[in-house]
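Raw contents of run_12.pdb, PDB, C-alpha atoms:
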ATOM      1  CA  MET F   1       0.000   0.000   0.000
ATOM      2  CA  THR F   2       1.151   3.530  -0.785
ATOM      3  CA  ASP F   3       2.001   5.573   2.305
ATOM      4  CA  GLN F   4       0.248   8.782   3.289
ATOM      5  CA  VAL F   5      -0.031  11.711   0.945
ATOM      6  CA  THR F   6       3.185  13.541   1.747
ATOM      7  CA  VAL F   7       1.896  17.129   1.845
ATOM      8  CA  ASN F   8      -1.251  18.537   3.434
ATOM      9  CA  PRO F   9      -3.351  20.547   2.868
ATOM     10  CA  ILE F  10      -3.429  19.696  -0.822
ATOM     11  CA  VAL F  11      -5.210  22.979  -1.668
ATOM     12  CA  LEU F  12      -5.624  25.994   0.608
ATOM     13  CA  GLN F  13      -8.986  27.739   1.079
ATOM     14  CA  ARG F  14     -11.021  25.416  -1.104
ATOM     15  CA  ALA F  15     -13.836  23.802   0.887
ATOM     16  CA  ASP F  16     -16.035  20.926  -0.286
ATOM     17  CA  PRO F  17     -13.156  19.403  -2.265
ATOM     18  CA  CYS F  18     -13.748  16.998  -5.134
ATOM     19  CA  VAL F  19     -10.848  15.123  -6.723
ATOM     20  CA  LEU F  20     -11.250  12.922  -9.799
ATOM     21  CA  ARG F  21      -8.353  10.822 -11.069
ATOM     22  CA  HIS F  22      -8.630  10.245 -14.820
ATOM     23  CA  GLU F  23      -5.951   8.750 -17.088
ATOM     24  CA  GLY F  24      -3.155   9.498 -14.644
ATOM     25  CA  THR F  25      -4.181  13.073 -13.828
ATOM     26  CA  TYR F  26      -5.867  14.444 -10.717
ATOM     27  CA  TYR F  27      -8.612  16.986 -11.436
ATOM     28  CA  PHE F  28      -9.635  19.202  -8.521
ATOM     29  CA  THR F  29     -12.554  21.508  -7.850
ATOM     30  CA  GLY F  30     -14.104  22.929  -4.689
ATOM     31  CA  SER F  31     -16.019  25.884  -3.332
ATOM     32  CA  HIS F  32     -14.225  29.156  -4.029
ATOM     33  CA  PRO F  33     -14.407  31.349  -0.890
ATOM     34  CA  GLN F  34     -16.039  34.166  -2.869
ATOM     35  CA  TYR F  35     -18.816  31.755  -3.918
ATOM     36  CA  ASP F  36     -18.994  33.366  -7.353
ATOM     37  CA  ARG F  37     -17.329  30.888  -9.721
ATOM     38  CA  ILE F  38     -16.419  27.287 -10.460
ATOM     39  CA  VAL F  39     -12.710  26.575 -10.657
ATOM     40  CA  LEU F  40     -10.657  23.652 -11.888
ATOM     41  CA  ARG F  41      -7.020  22.651 -11.516
ATOM     42  CA  ARG F  42      -5.031  19.523 -12.316
ATOM     43  CA  ALA F  43      -1.750  17.820 -11.476
ATOM     44  CA  GLU F  44      -0.096  14.420 -11.731
ATOM     45  CA  ARG F  45       0.287  14.242  -7.933
ATOM     46  CA  LEU F  46      -2.111  15.299  -5.198
ATOM     47  CA  GLU F  47       0.768  17.146  -3.544
ATOM     48  CA  ASP F  48       1.137  19.364  -6.629
ATOM     49  CA  LEU F  49      -2.456  20.608  -6.791
ATOM     50  CA  GLN F  50      -1.748  23.641  -4.608
ATOM     51  CA  ALA F  51       0.859  24.935  -7.068
ATOM     52  CA  ALA F  52      -1.210  24.044 -10.152
ATOM     53  CA  ASP F  53      -2.761  26.782 -12.261
ATOM     54  CA  GLU F  54      -6.377  27.377 -11.380
ATOM     55  CA  VAL F  55      -8.824  28.065 -14.220
ATOM     56  CA  THR F  56     -12.318  29.508 -13.860
ATOM     57  CA  ILE F  57     -14.621  27.421 -16.047
ATOM     58  CA  TRP F  58     -17.897  29.159 -15.121
ATOM     59  CA  GLU F  59     -18.984  32.345 -13.339
ATOM     60  CA  ARG F  60     -22.214  33.197 -11.588
ATOM     61  CA  HIS F  61     -24.984  34.991 -13.458
ATOM     62  CA  ALA F  62     -25.643  38.676 -12.865
ATOM     63  CA  ASP F  63     -29.108  37.826 -11.564
ATOM     64  CA  GLY F  64     -31.561  34.961 -11.411
ATOM     65  CA  PRO F  65     -31.388  31.504  -9.811
ATOM     66  CA  GLN F  66     -27.639  31.051 -10.445
ATOM     67  CA  SER F  67     -26.445  34.454  -9.238
ATOM     68  CA  HIS F  68     -25.365  33.855  -5.623
ATOM     69  CA  LEU F  69     -23.599  31.419  -3.289
ATOM     70  CA  ILE F  70     -22.129  28.978  -5.793
ATOM     71  CA  TRP F  71     -21.392  25.961  -3.604
ATOM     72  CA  ALA F  72     -19.805  22.530  -3.712
ATOM     73  CA  PRO F  73     -19.021  21.819  -7.373
ATOM     74  CA  GLU F  74     -18.153  18.227  -8.222
ATOM     75  CA  ILE F  75     -16.526  17.035 -11.443
ATOM     76  CA  HIS F  76     -17.494  13.672 -12.942
ATOM     77  CA  ARG F  77     -16.746  11.755 -16.117
ATOM     78  CA  VAL F  78     -19.792  10.013 -17.640
ATOM     79  CA  ASP F  79     -19.983   8.326 -21.069
ATOM     80  CA  GLY F  80     -17.005  10.221 -22.446
ATOM     81  CA  ALA F  81     -18.095  13.685 -21.301
ATOM     82  CA  TRP F  82     -17.343  15.879 -18.282
ATOM     83  CA  TYR F  83     -20.040  17.036 -15.880
ATOM     84  CA  VAL F  84     -19.978  19.455 -12.967
ATOM     85  CA  TYR F  85     -22.794  19.348 -10.432
ATOM     86  CA  TYR F  86     -23.124  22.442  -8.245
ATOM     87  CA  ALA F  87     -25.565  24.400  -6.114
ATOM     88  CA  ALA F  88     -26.587  28.007  -6.728
ATOM     89  CA  ALA F  89     -29.092  30.452  -5.256
ATOM     90  CA  PRO F  90     -30.962  33.561  -6.476
ATOM     91  CA  ASP F  91     -29.895  35.577  -3.411
ATOM     92  CA  GLU F  92     -28.153  35.289  -0.049
ATOM     93  CA  SER F  93     -31.286  35.506   2.059
ATOM     94  CA  VAL F  94     -32.312  32.829   4.524
ATOM     95  CA  THR F  95     -35.963  31.912   4.213
ATOM     96  CA  VAL F  96     -38.379  29.160   5.072
ATOM     97  CA  ASP F  97     -38.583  27.313   1.755
ATOM     98  CA  VAL F  98     -41.314  25.045   3.036
ATOM     99  CA  PRO F  99     -43.739  25.927   5.865
ATOM    100  CA  GLY F 100     -43.040  23.994   9.045
ATOM    101  CA  THR F 101     -39.361  23.337   8.253
ATOM    102  CA  ASP F 102     -36.178  25.060   9.391
ATOM    103  CA  ASP F 103     -34.789  28.225   7.805
ATOM    104  CA  THR F 104     -32.527  27.569   4.833
ATOM    105  CA  PHE F 105     -30.940  29.250   1.860
ATOM    106  CA  ASN F 106     -32.577  29.036  -1.568
ATOM    107  CA  HIS F 107     -30.194  26.737  -3.440
ATOM    108  CA  ARG F 108     -31.022  24.324  -6.219
ATOM    109  CA  VAL F 109     -28.823  21.779  -8.053
ATOM    110  CA  PHE F 110     -27.493  22.603 -11.540
ATOM    111  CA  VAL F 111     -25.300  20.828 -14.128
ATOM    112  CA  LEU F 112     -22.566  21.854 -16.579
ATOM    113  CA  GLU F 113     -21.421  19.633 -19.474
ATOM    114  CA  ASN F 114     -18.216  19.628 -21.536
ATOM    115  CA  THR F 115     -17.859  17.068 -24.334
ATOM    116  CA  ALA F 116     -14.201  17.857 -25.101
ATOM    117  CA  ASP F 117     -11.566  15.253 -24.225
ATOM    118  CA  ASP F 118      -9.784  17.878 -22.127
ATOM    119  CA  PRO F 119     -12.004  19.688 -19.580
ATOM    120  CA  PHE F 120      -9.718  22.746 -19.835
ATOM    121  CA  GLU F 121     -10.696  23.036 -23.500
ATOM    122  CA  GLY F 122     -14.041  22.987 -25.274
ATOM    123  CA  ALA F 123     -17.151  24.704 -23.954
ATOM    124  CA  TRP F 124     -18.893  24.223 -20.640
ATOM    125  CA  VAL F 125     -22.617  24.206 -21.453
ATOM    126  CA  GLU F 126     -25.335  24.779 -18.871
ATOM    127  CA  ARG F 127     -27.718  21.838 -18.753
ATOM    128  CA  GLY F 128     -29.928  23.593 -16.224
ATOM    129  CA  GLN F 129     -31.497  22.682 -12.923
ATOM    130  CA  VAL F 130     -31.964  19.063 -11.924
ATOM    131  CA  ASP F 131     -35.671  18.469 -11.315
ATOM    132  CA  THR F 132     -35.626  16.486  -8.065
ATOM    133  CA  GLY F 133     -39.397  16.252  -7.818
ATOM    134  CA  TRP F 134     -40.121  19.210  -5.547
ATOM    135  CA  GLU F 135     -38.847  22.750  -5.015
ATOM    136  CA  SER F 136     -36.873  23.374  -1.817
ATOM    137  CA  PHE F 137     -33.341  23.960  -0.565
ATOM    138  CA  ALA F 138     -31.160  21.436  -2.465
ATOM    139  CA  LEU F 139     -27.384  21.086  -2.766
ATOM    140  CA  ASP F 140     -24.308  18.828  -2.697
ATOM    141  CA  ALA F 141     -25.141  16.528  -5.598
ATOM    142  CA  THR F 142     -22.755  13.679  -6.321
ATOM    143  CA  SER F 143     -22.936  10.944  -8.932
ATOM    144  CA  PHE F 144     -21.697   7.403  -9.433
ATOM    145  CA  THR F 145     -22.167   4.645 -12.004
ATOM    146  CA  LEU F 146     -22.733   1.003 -11.117
ATOM    147  CA  ASP F 147     -23.675  -1.809 -13.530
ATOM    148  CA  ASP F 148     -24.134   0.698 -16.365
ATOM    149  CA  ALA F 149     -26.644   2.743 -14.333
ATOM    150  CA  GLN F 150     -25.868   6.308 -13.269
ATOM    151  CA  TYR F 151     -27.163   7.480  -9.901
ATOM    152  CA  LEU F 152     -27.460  10.901  -8.306
ATOM    153  CA  VAL F 153     -27.251  11.415  -4.538
ATOM    154  CA  TRP F 154     -27.969  14.843  -3.076
ATOM    155  CA  ALA F 155     -29.113  16.765   0.003
ATOM    156  CA  GLN F 156     -32.528  18.438   0.117
ATOM    157  CA  GLN F 157     -35.060  19.781   2.566
ATOM    158  CA  HIS F 158     -38.445  18.067   2.723
ATOM    159  CA  PRO F 159     -41.660  19.585   4.096
ATOM    160  CA  ASP F 160     -42.423  16.532   6.209
ATOM    161  CA  VAL F 161     -39.012  16.189   7.856
ATOM    162  CA  LYS F 162     -37.566  18.338  10.633
ATOM    163  CA  GLY F 163     -34.249  19.934   9.807
ATOM    164  CA  HIS F 164     -32.333  21.486   6.951
ATOM    165  CA  SER F 165     -31.553  18.561   4.660
ATOM    166  CA  ASN F 166     -31.816  14.813   4.161
ATOM    167  CA  LEU F 167     -30.064  12.613   1.602
ATOM    168  CA  TYR F 168     -31.853  11.280  -1.467
ATOM    169  CA  ILE F 169     -30.941   8.931  -4.322
ATOM    170  CA  ALA F 170     -32.367   8.433  -7.808
ATOM    171  CA  ARG F 171     -31.309   6.683 -10.996
ATOM    172  CA  MET F 172     -30.625   8.999 -13.933
ATOM    173  CA  ALA F 173     -31.958   9.003 -17.485
ATOM    174  CA  ASN F 174     -29.034  11.209 -18.513
ATOM    175  CA  PRO F 175     -26.519  13.225 -16.462
ATOM    176  CA  TRP F 176     -28.975  16.086 -15.866
ATOM    177  CA  THR F 177     -32.330  14.261 -15.700
ATOM    178  CA  LEU F 178     -33.656  11.830 -13.094
ATOM    179  CA  ALA F 179     -35.255   8.624 -14.356
ATOM    180  CA  THR F 180     -36.848   7.629 -11.041
ATOM    181  CA  PRO F 181     -38.447   9.421  -8.106
ATOM    182  CA  ALA F 182     -36.206  10.506  -5.256
ATOM    183  CA  VAL F 183     -35.777   7.978  -2.450
ATOM    184  CA  GLU F 184     -34.766   9.107   1.029
ATOM    185  CA  LEU F 185     -31.689   7.329   2.373
ATOM    186  CA  THR F 186     -31.058   9.171   5.637
ATOM    187  CA  ARG F 187     -32.311  12.096   7.689
ATOM    188  CA  PRO F 188     -30.719  13.757  10.753
ATOM    189  CA  GLU F 189     -31.615  11.700  13.819
ATOM    190  CA  TYR F 190     -28.573  11.085  16.017
ATOM    191  CA  ASP F 191     -27.136  13.635  18.436
ATOM    192  CA  TRP F 192     -23.999  14.083  16.348
ATOM    193  CA  GLU F 193     -26.079  14.910  13.220
ATOM    194  CA  THR F 194     -28.200  17.532  15.007
ATOM    195  CA  SER F 195     -25.536  19.556  16.831
ATOM    196  CA  GLY F 196     -26.145  23.173  15.845
ATOM    197  CA  PHE F 197     -28.183  22.275  12.758
ATOM    198  CA  TRP F 198     -30.142  19.209  11.702
ATOM    199  CA  VAL F 199     -28.131  18.315   8.619
ATOM    200  CA  ASN F 200     -27.260  15.400   6.362
ATOM    201  CA  GLU F 201     -25.275  16.735   3.388
ATOM    202  CA  GLY F 202     -22.108  16.357   1.315
ATOM    203  CA  PRO F 203     -22.556  12.746   0.135
ATOM    204  CA  SER F 204     -19.810  10.810  -1.624
ATOM    205  CA  VAL F 205     -19.726   7.214  -2.874
ATOM    206  CA  LEU F 206     -16.963   4.607  -2.947
ATOM    207  CA  VAL F 207     -17.651   1.212  -4.557
ATOM    208  CA  ARG F 208     -15.151  -1.440  -3.497
ATOM    209  CA  ASP F 209     -15.124  -5.258  -3.361
ATOM    210  CA  GLY F 210     -18.847  -5.664  -3.856
ATOM    211  CA  ARG F 211     -19.909  -3.015  -1.365
ATOM    212  CA  VAL F 212     -21.082   0.572  -1.656
ATOM    213  CA  PHE F 213     -19.847   3.018   0.972
ATOM    214  CA  LEU F 214     -21.790   6.283   1.059
ATOM    215  CA  THR F 215     -20.310   8.939   3.311
ATOM    216  CA  TYR F 216     -22.002  12.185   4.271
ATOM    217  CA  SER F 217     -21.556  15.061   6.715
ATOM    218  CA  GLY F 218     -23.745  16.255   9.566
ATOM    219  CA  ALA F 219     -24.161  19.024  12.169
ATOM    220  CA  ALA F 220     -23.170  22.678  11.911
ATOM    221  CA  THR F 221     -19.934  23.379  10.031
ATOM    222  CA  GLY F 222     -17.761  24.147  13.093
ATOM    223  CA  ILE F 223     -15.967  21.739  15.421
ATOM    224  CA  ASP F 224     -18.998  19.402  15.534
ATOM    225  CA  TYR F 225     -19.054  18.815  11.779
ATOM    226  CA  ALA F 226     -18.283  15.142  11.134
ATOM    227  CA  MET F 227     -18.728  12.337   8.639
ATOM    228  CA  GLY F 228     -21.271   9.535   8.779
ATOM    229  CA  LEU F 229     -21.616   6.329   6.784
ATOM    230  CA  LEU F 230     -24.220   4.266   4.949
ATOM    231  CA  THR F 231     -23.328   0.880   3.431
ATOM    232  CA  ALA F 232     -25.037  -1.387   0.933
ATOM    233  CA  ASP F 233     -24.273  -4.511  -1.071
ATOM    234  CA  ALA F 234     -23.336  -3.553  -4.629
ATOM    235  CA  GLY F 235     -25.761  -6.144  -5.961
ATOM    236  CA  ALA F 236     -28.709  -4.848  -3.949
ATOM    237  CA  ASP F 237     -31.443  -2.504  -5.113
ATOM    238  CA  LEU F 238     -29.846   0.817  -4.231
ATOM    239  CA  LEU F 239     -33.205   2.575  -4.614
ATOM    240  CA  ASP F 240     -34.606   0.519  -1.714
ATOM    241  CA  PRO F 241     -33.825   2.187   1.634
ATOM    242  CA  ALA F 242     -33.820  -1.265   3.240
ATOM    243  CA  SER F 243     -30.661  -2.086   1.236
ATOM    244  CA  TRP F 244     -28.697   0.456   3.260
ATOM    245  CA  THR F 245     -27.281   0.227   6.779
ATOM    246  CA  LYS F 246     -26.618   3.458   8.646
ATOM    247  CA  SER F 247     -23.867   3.716  11.255
ATOM    248  CA  ALA F 248     -25.102   5.291  14.478
ATOM    249  CA  ASP F 249     -21.764   6.952  15.220
ATOM    250  CA  PRO F 250     -19.706   9.260  13.027
ATOM    251  CA  VAL F 251     -16.703   7.673  11.348
ATOM    252  CA  PHE F 252     -14.454  10.752  10.972
ATOM    253  CA  VAL F 253     -14.378  13.565  13.524
ATOM    254  CA  SER F 254     -12.316  16.520  14.770
ATOM    255  CA  ASP F 255      -8.912  15.696  16.253
ATOM    256  CA  PRO F 256      -7.472  18.390  18.544
ATOM    257  CA  ALA F 257      -4.199  16.432  18.780
ATOM    258  CA  ALA F 258      -3.747  16.875  15.029
ATOM    259  CA  GLY F 259      -5.067  20.449  15.051
ATOM    260  CA  GLN F 260      -7.902  19.546  12.665
ATOM    261  CA  TYR F 261     -11.493  20.578  13.296
ATOM    262  CA  GLY F 262     -14.771  19.954  11.472
ATOM    263  CA  PRO F 263     -13.588  17.404   8.892
ATOM    264  CA  GLY F 264     -16.186  16.652   6.269
ATOM    265  CA  HIS F 265     -17.762  17.168   2.880
ATOM    266  CA  ASN F 266     -15.469  14.542   1.456
ATOM    267  CA  SER F 267     -14.834  12.881  -1.874
ATOM    268  CA  PHE F 268     -12.866   9.795  -2.844
ATOM    269  CA  THR F 269     -10.043   9.287  -5.300
ATOM    270  CA  GLN F 270      -7.186   6.796  -5.570
ATOM    271  CA  THR F 271      -3.414   6.583  -5.619
ATOM    272  CA  PRO F 272      -1.560   5.550  -8.801
ATOM    273  CA  ASP F 273      -1.426   2.075  -7.228
ATOM    274  CA  GLY F 274      -5.202   1.981  -6.857
ATOM    275  CA  ASP F 275      -5.459   2.512  -3.095
ATOM    276  CA  ALA F 276      -8.430   4.533  -1.902
ATOM    277  CA  VAL F 277      -7.810   8.140  -0.885
ATOM    278  CA  LEU F 278     -10.105  10.149   1.377
ATOM    279  CA  VAL F 279     -10.341  13.827   0.420
ATOM    280  CA  TYR F 280     -12.027  16.278   2.810
ATOM    281  CA  HIS F 281     -11.864  19.774   4.246
ATOM    282  CA  ALA F 282     -11.110  20.909   7.800
ATOM    283  CA  ARG F 283     -10.096  24.020   9.747
ATOM    284  CA  THR F 284      -7.129  24.455  12.065
ATOM    285  CA  TYR F 285      -8.969  26.523  14.691
ATOM    286  CA  THR F 286     -12.251  26.494  16.588
ATOM    287  CA  GLU F 287     -12.984  30.172  17.170
ATOM    288  CA  ILE F 288     -14.410  31.832  14.057
ATOM    289  CA  THR F 289     -14.592  35.616  13.835
ATOM    290  CA  GLY F 290     -17.712  36.947  12.156
ATOM    291  CA  ASP F 291     -19.948  34.977   9.822
ATOM    292  CA  PRO F 292     -18.695  31.373   9.507
ATOM    293  CA  LEU F 293     -19.903  31.460   5.892
ATOM    294  CA  ARG F 294     -17.235  34.091   5.189
ATOM    295  CA  ASP F 295     -14.372  32.269   6.893
ATOM    296  CA  PRO F 296     -12.270  30.950   3.981
ATOM    297  CA  ASN F 297      -9.992  28.598   5.909
ATOM    298  CA  ARG F 298     -11.548  25.222   5.338
ATOM    299  CA  HIS F 299      -8.602  23.697   3.481
ATOM    300  CA  ALA F 300      -8.701  20.609   1.227
ATOM    301  CA  ARG F 301      -6.831  17.596   2.610
ATOM    302  CA  ALA F 302      -6.178  14.022   1.504
ATOM    303  CA  GLN F 303      -4.993  10.795   3.089
ATOM    304  CA  VAL F 304      -4.854   7.158   2.086
ATOM    305  CA  LEU F 305      -7.842   5.161   3.374
ATOM    306  CA  PRO F 306      -6.826   1.648   4.447
ATOM    307  CA  PHE F 307      -9.189  -1.326   4.764
ATOM    308  CA  ASP F 308      -9.205  -4.147   7.298
ATOM    309  CA  ALA F 309      -9.249  -7.874   6.589
ATOM    310  CA  ASP F 310     -13.056  -7.833   6.394
ATOM    311  CA  GLY F 311     -13.081  -5.098   3.761
ATOM    312  CA  ASN F 312     -14.176  -2.305   6.105
ATOM    313  CA  PRO F 313     -12.631   1.162   5.851
ATOM    314  CA  VAL F 314     -10.266   2.089   8.662
ATOM    315  CA  TRP F 315     -11.154   5.756   8.835
ATOM    316  CA  GLY F 316      -8.565   6.842  11.376
ATOM    317  CA  THR F 317      -8.260  10.538  12.148
ATOM    318  CA  PRO F 318      -7.390  13.693  10.190
ATOM    319  CA  VAL F 319      -3.666  14.021   9.509
ATOM    320  CA  PRO F 320      -1.720  17.038  10.810
ATOM    321  CA  ASP F 321      -0.644  19.802   8.446
ATOM    322  CA  THR F 322       2.729  19.562   6.759
ATOM    323  CA  ARG F 323       2.613  22.922   4.944
ATOM    324  CA  PRO F 324       1.858  26.358   6.399
ATOM    325  CA  VAL F 325      -1.780  27.444   6.450
ATOM    326  CA  PRO F 326      -3.336  30.886   6.863
ATOM    327  CA  THR F 327      -5.418  31.738   9.904
ATOM    328  CA  SER F 328      -6.605  35.213   8.895
ATOM    329  CA  THR F 329      -9.829  35.591   6.927
ATOM    330  CA  GLU F 330      -8.064  37.203   3.980
ATOM    331  CA  ILE F 331      -8.773  35.329   0.745
ATOM    332  CA  LEU F 332      -5.490  34.215  -0.763
ATOM    333  CA  PRO F 333      -4.560  34.383  -4.444
ATOM    334  CA  ALA F 334      -5.018  31.098  -6.269
ATOM    335  CA  ASP F 335      -1.378  30.085  -5.729
ATOM    336  CA  GLY F 336      -1.877  30.344  -1.957
ATOM    337  CA  ALA F 337       0.837  32.923  -1.326
ATOM    338  CA  PHE F 338       0.529  34.595   2.072
TER
END
Would you write out, as structure tokens, the structure that this file holds?
Amino acid sequence: MTDQVTVNPIVLQRADPCVLRHEGTYYFTGSHPQYDRIVLRRAERLEDLQAADEVTIWERHADGPQSHLIWAPEIHRVDGAWYVYYAAAPDESVTVDVPGTDDTFNHRVFVLENTADDPFEGAWVERGQVDTGWESFALDATSFTLDDAQYLVWAQQHPDVKGHSNLYIARMANPWTLATPAVELTRPEYDWETSGFWVNEGPSVLVRDGRVFLTYSGAATGIDYAMGLLTADAGADLLDPASWTKSADPVFVSDPAAGQYGPGHNSFTQTPDGDAVLVYHARTYTEITGDPLRDPNRHARAQVLPFDADGNPVWGTPVPDTRPVPTSTEILPADGAF
């Protein structure tokens, strides 16, 4: 097995990190701290992503439903094309989307497509909003393909469920259209998921050795933010909630000894040798000055994810930093100089 990633964080001030390894290259995107664009960078090693050139592939609209708070882009490769799933809002107000539920922002899930071989070339085309079946706060879409079927997993508020967001799954007719109704997989219920806010969000999927591991994040985005886990057999009906087992306890949490707080909103990639890599964001401090939404210092990190003899992930704990990180709320230039 390959040892740990040698340098962390892998990218400064990019929360909600998504890393896709394709044909020997790592492609990276994440939430820009100004929440006004979607960025992309690439490198042959995870350790080199911080120094890689960052390209803006899409910018927010001047007005309308995609004009504010561009959050959590994810890049995926489906049937020879590139897709970015992201959340956007028409404003920065906090409203009650659905009577009887908690206050939320006004995000919906949108999709970009690029059919060029190289995602840094060609045109990124807007494929519009994903119709999830009802209109409410929706974000953090991820996608995976299993047995020639593409699935979408995302977070959304529901009028009949207390809290800000639950996780849903559906099979897709194409990368921007659902083929089946949304099925709820998990809602906030345990103490760790309801600390500060009632939240299940930031899903990511790893398929390995006949099993499907679906991670997600819960609680408010400070020190209590942590990762949970659902598991299913890869041969099961993934649209049946009974196929999934939910862990009662979080699997990845803050580690004061490592100086890492609020780890979550993860993705998965792999080493050149094929070992699983856990990618996530975390902060290095617990006291946030001002609006936490405007604190840019959730940095992207990565570490190899080992498995035990029974094929279960050994989640461990966040690794300490090996490169300097900023602690002020100043937004750094793309190269991270400070």
Find the spatial neighbours of segment 271-288 of chain F, counting only C-alpha atoms, within a cut-off of 6 Å - ignore same-chain residues fewer than 2 positions away - and output them as JSON, numbers by chain.
{"F": [15, 259, 260, 261, 262, 263, 264, 265, 266, 267, 268, 269, 297, 298, 299, 300, 301, 302, 303, 304, 305]}
Apply the PyMOL selection byres ((chain F and resi 61) around 12) to the displayed file and report the matching residues as JSON, numbers by chain.
{"F": [35, 36, 37, 38, 58, 59, 60, 62, 63, 64, 65, 66, 67, 68, 69, 70, 88, 89, 90, 91, 126]}
Find the residue from F:Pro292, F:Gly316, F:Glu184, F:Glu193 that sits nearest to Ala248 of chain F; use all atoms listed in the file when measuring.
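Distance minimum relative to Ala248 of chain F lands on F:Glu193.
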Which residues match the PyMOL selection byres ((chain F and resi 318) around 7) in the file above, as number ranges by chain?
F: 255, 258, 260, 317, 319-320
Might you spell out which residues the PyMOL selection byres ((chain F and resi 41) around 6) would select in the displayed file, as a PyMOL selection string?
chain F and resi 27-28+40+42+53-54
Just need the box for segment 167-179 of chain F, edges along x, y and z, holding every atom the file lists for it with 5 Å tacked onto each side, so centre and edge lengths in Å to one decimal, as JSON.
{"center_x": -30.9, "center_y": 11.4, "center_z": -8.5, "size_x": 18.7, "size_y": 19.4, "size_z": 30.1}
Grab the atom CA of Asp147 of chain F to atom CA of Ala81 of chain F distance for me, in Å with one decimal place.
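Atom CA of Asp147 of chain F sits 18.2 Å away from atom CA of Ala81 of chain F.
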What's the 8 Å shell around Arg45 of chain F, counting all atoms listed in the file, without same-chain residues fewer than 3 positions away, as a PDB file with C-alpha atoms, in the frame of the given file?
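In the end it all went to out.pdb:
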ATOM      1  CA  THR F  25      -4.181  13.073 -13.828  1.00  0.00           C
ATOM      2  CA  TYR F  26      -5.867  14.444 -10.717  1.00  0.00           C
ATOM      3  CA  ASP F  48       1.137  19.364  -6.629  1.00  0.00           C
ATOM      4  CA  LEU F  49      -2.456  20.608  -6.791  1.00  0.00           C
TER       5      LEU F  49
END
Rounded to one decimal, what separation in Å do you get between atom CA of Glu113 of chain F and atom CA of Val125 of chain F?
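Computing the Euclidean distance for atom CA of Glu113 of chain F and atom CA of Val125 of chain F yields 5.1 Å.
Computed from the coordinates, the atom CA of Glu23 of chain F to atom CA of Phe144 of chain F distance equals 17.6 Å.
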Give one line per residue of segment 134-198 of chain F that approaches segment 231-236 of chain F to at most 12 Å, naming the two atoms of the closest pair and their distance in Å to one decimal, counting only C-alpha atoms; sort by chain then ascending residue number and deliver it as JSON lines.
{"residue": "F:Thr145", "atom": "CA", "partner": "F:Ala234", "partner_atom": "CA", "distance": 11.1}
{"residue": "F:Leu146", "atom": "CA", "partner": "F:Ala234", "partner_atom": "CA", "distance": 8.0}
{"residue": "F:Asp147", "atom": "CA", "partner": "F:Gly235", "partner_atom": "CA", "distance": 9.0}
{"residue": "F:Leu185", "atom": "CA", "partner": "F:Thr231", "partner_atom": "CA", "distance": 10.6}
{"residue": "F:Thr186", "atom": "CA", "partner": "F:Thr231", "partner_atom": "CA", "distance": 11.5}
From the options F:Pro181, F:Gly163, F:Pro175, F:Gly128, which residue's atoms come nearest to Ala149 of chain F, counting only C-alpha atoms?
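Between F:Pro181, F:Gly163, F:Pro175, F:Gly128, the residue approaching Ala149 of chain F most closely is F:Pro175.
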Please provide the set of residues having any atom within 6 Å of segment 198-210 of chain F, restricted to all atoms listed in the file, with same-chain residues fewer than 5 positions apart removed, written as a PyMOL selection string.
chain F and resi 140+155+163-166+188+215-219+234+265+267
Just checking: using all atoms listed in the file, which residue out of F:Ser328, F:Asn8, F:Gln270, F:Thr180 ends up closest to Asp131 of chain F?
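Checking each candidate against Asp131 of chain F, we get F:Thr180 as the closest.
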Taking 6 positions as the minimum chain separation for residues in the same chain, which residues sit within 7 Å of Glu74 of chain F when counting all atoms listed in the file? Answer as a VMD selection string.
chain F and resid 18 29 84 to 86 142
With all atoms listed in the file as the basis for distance, which of F:Thr177, F:Gln50, F:Thr289, F:Thr221 is at the shortest distance from Asp16 of chain F?
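Closest to Asp16 of chain F, using all atoms listed in the file: F:Thr221.
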Non-local contacts of Trp176 of chain F (8 Å; only C-alpha atoms; under 4 positions in same chain excluded) as a ChimeraX atom specification
/F:110-111,127-130,172
Keeping only C-alpha atoms, write the selected residues to a file as a compact mmCIF listing (two decimals), in the coordinates of the input.
# COMPACT_ATOMS: atom_id res chain seq x y z
CA PHE F 110 -27.49 22.60 -11.54
CA VAL F 111 -25.30 20.83 -14.13
CA ARG F 127 -27.72 21.84 -18.75
CA GLY F 128 -29.93 23.59 -16.22
CA GLN F 129 -31.50 22.68 -12.92
CA VAL F 130 -31.96 19.06 -11.92
CA MET F 172 -30.62 9.00 -13.93
Polymer residues at most 12 Å from (6.4, 26.3, 4.0) by only C-alpha atoms, as a VMD selection string
chain F and resid 7 to 9 321 to 326 336 to 338
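Take the candidates F:His107, F:His76, F:His158, F:His32 and check each one against Pro119 of chain F using all atoms listed in the file; the shortest distance goes to F:His76.
Among F:Ala257, F:Thr194, F:Ser93, F:Ile169, the residue with the shortest atom-to-atom distance to Trp244 of chain F, counting only C-alpha atoms, is F:Ile169.
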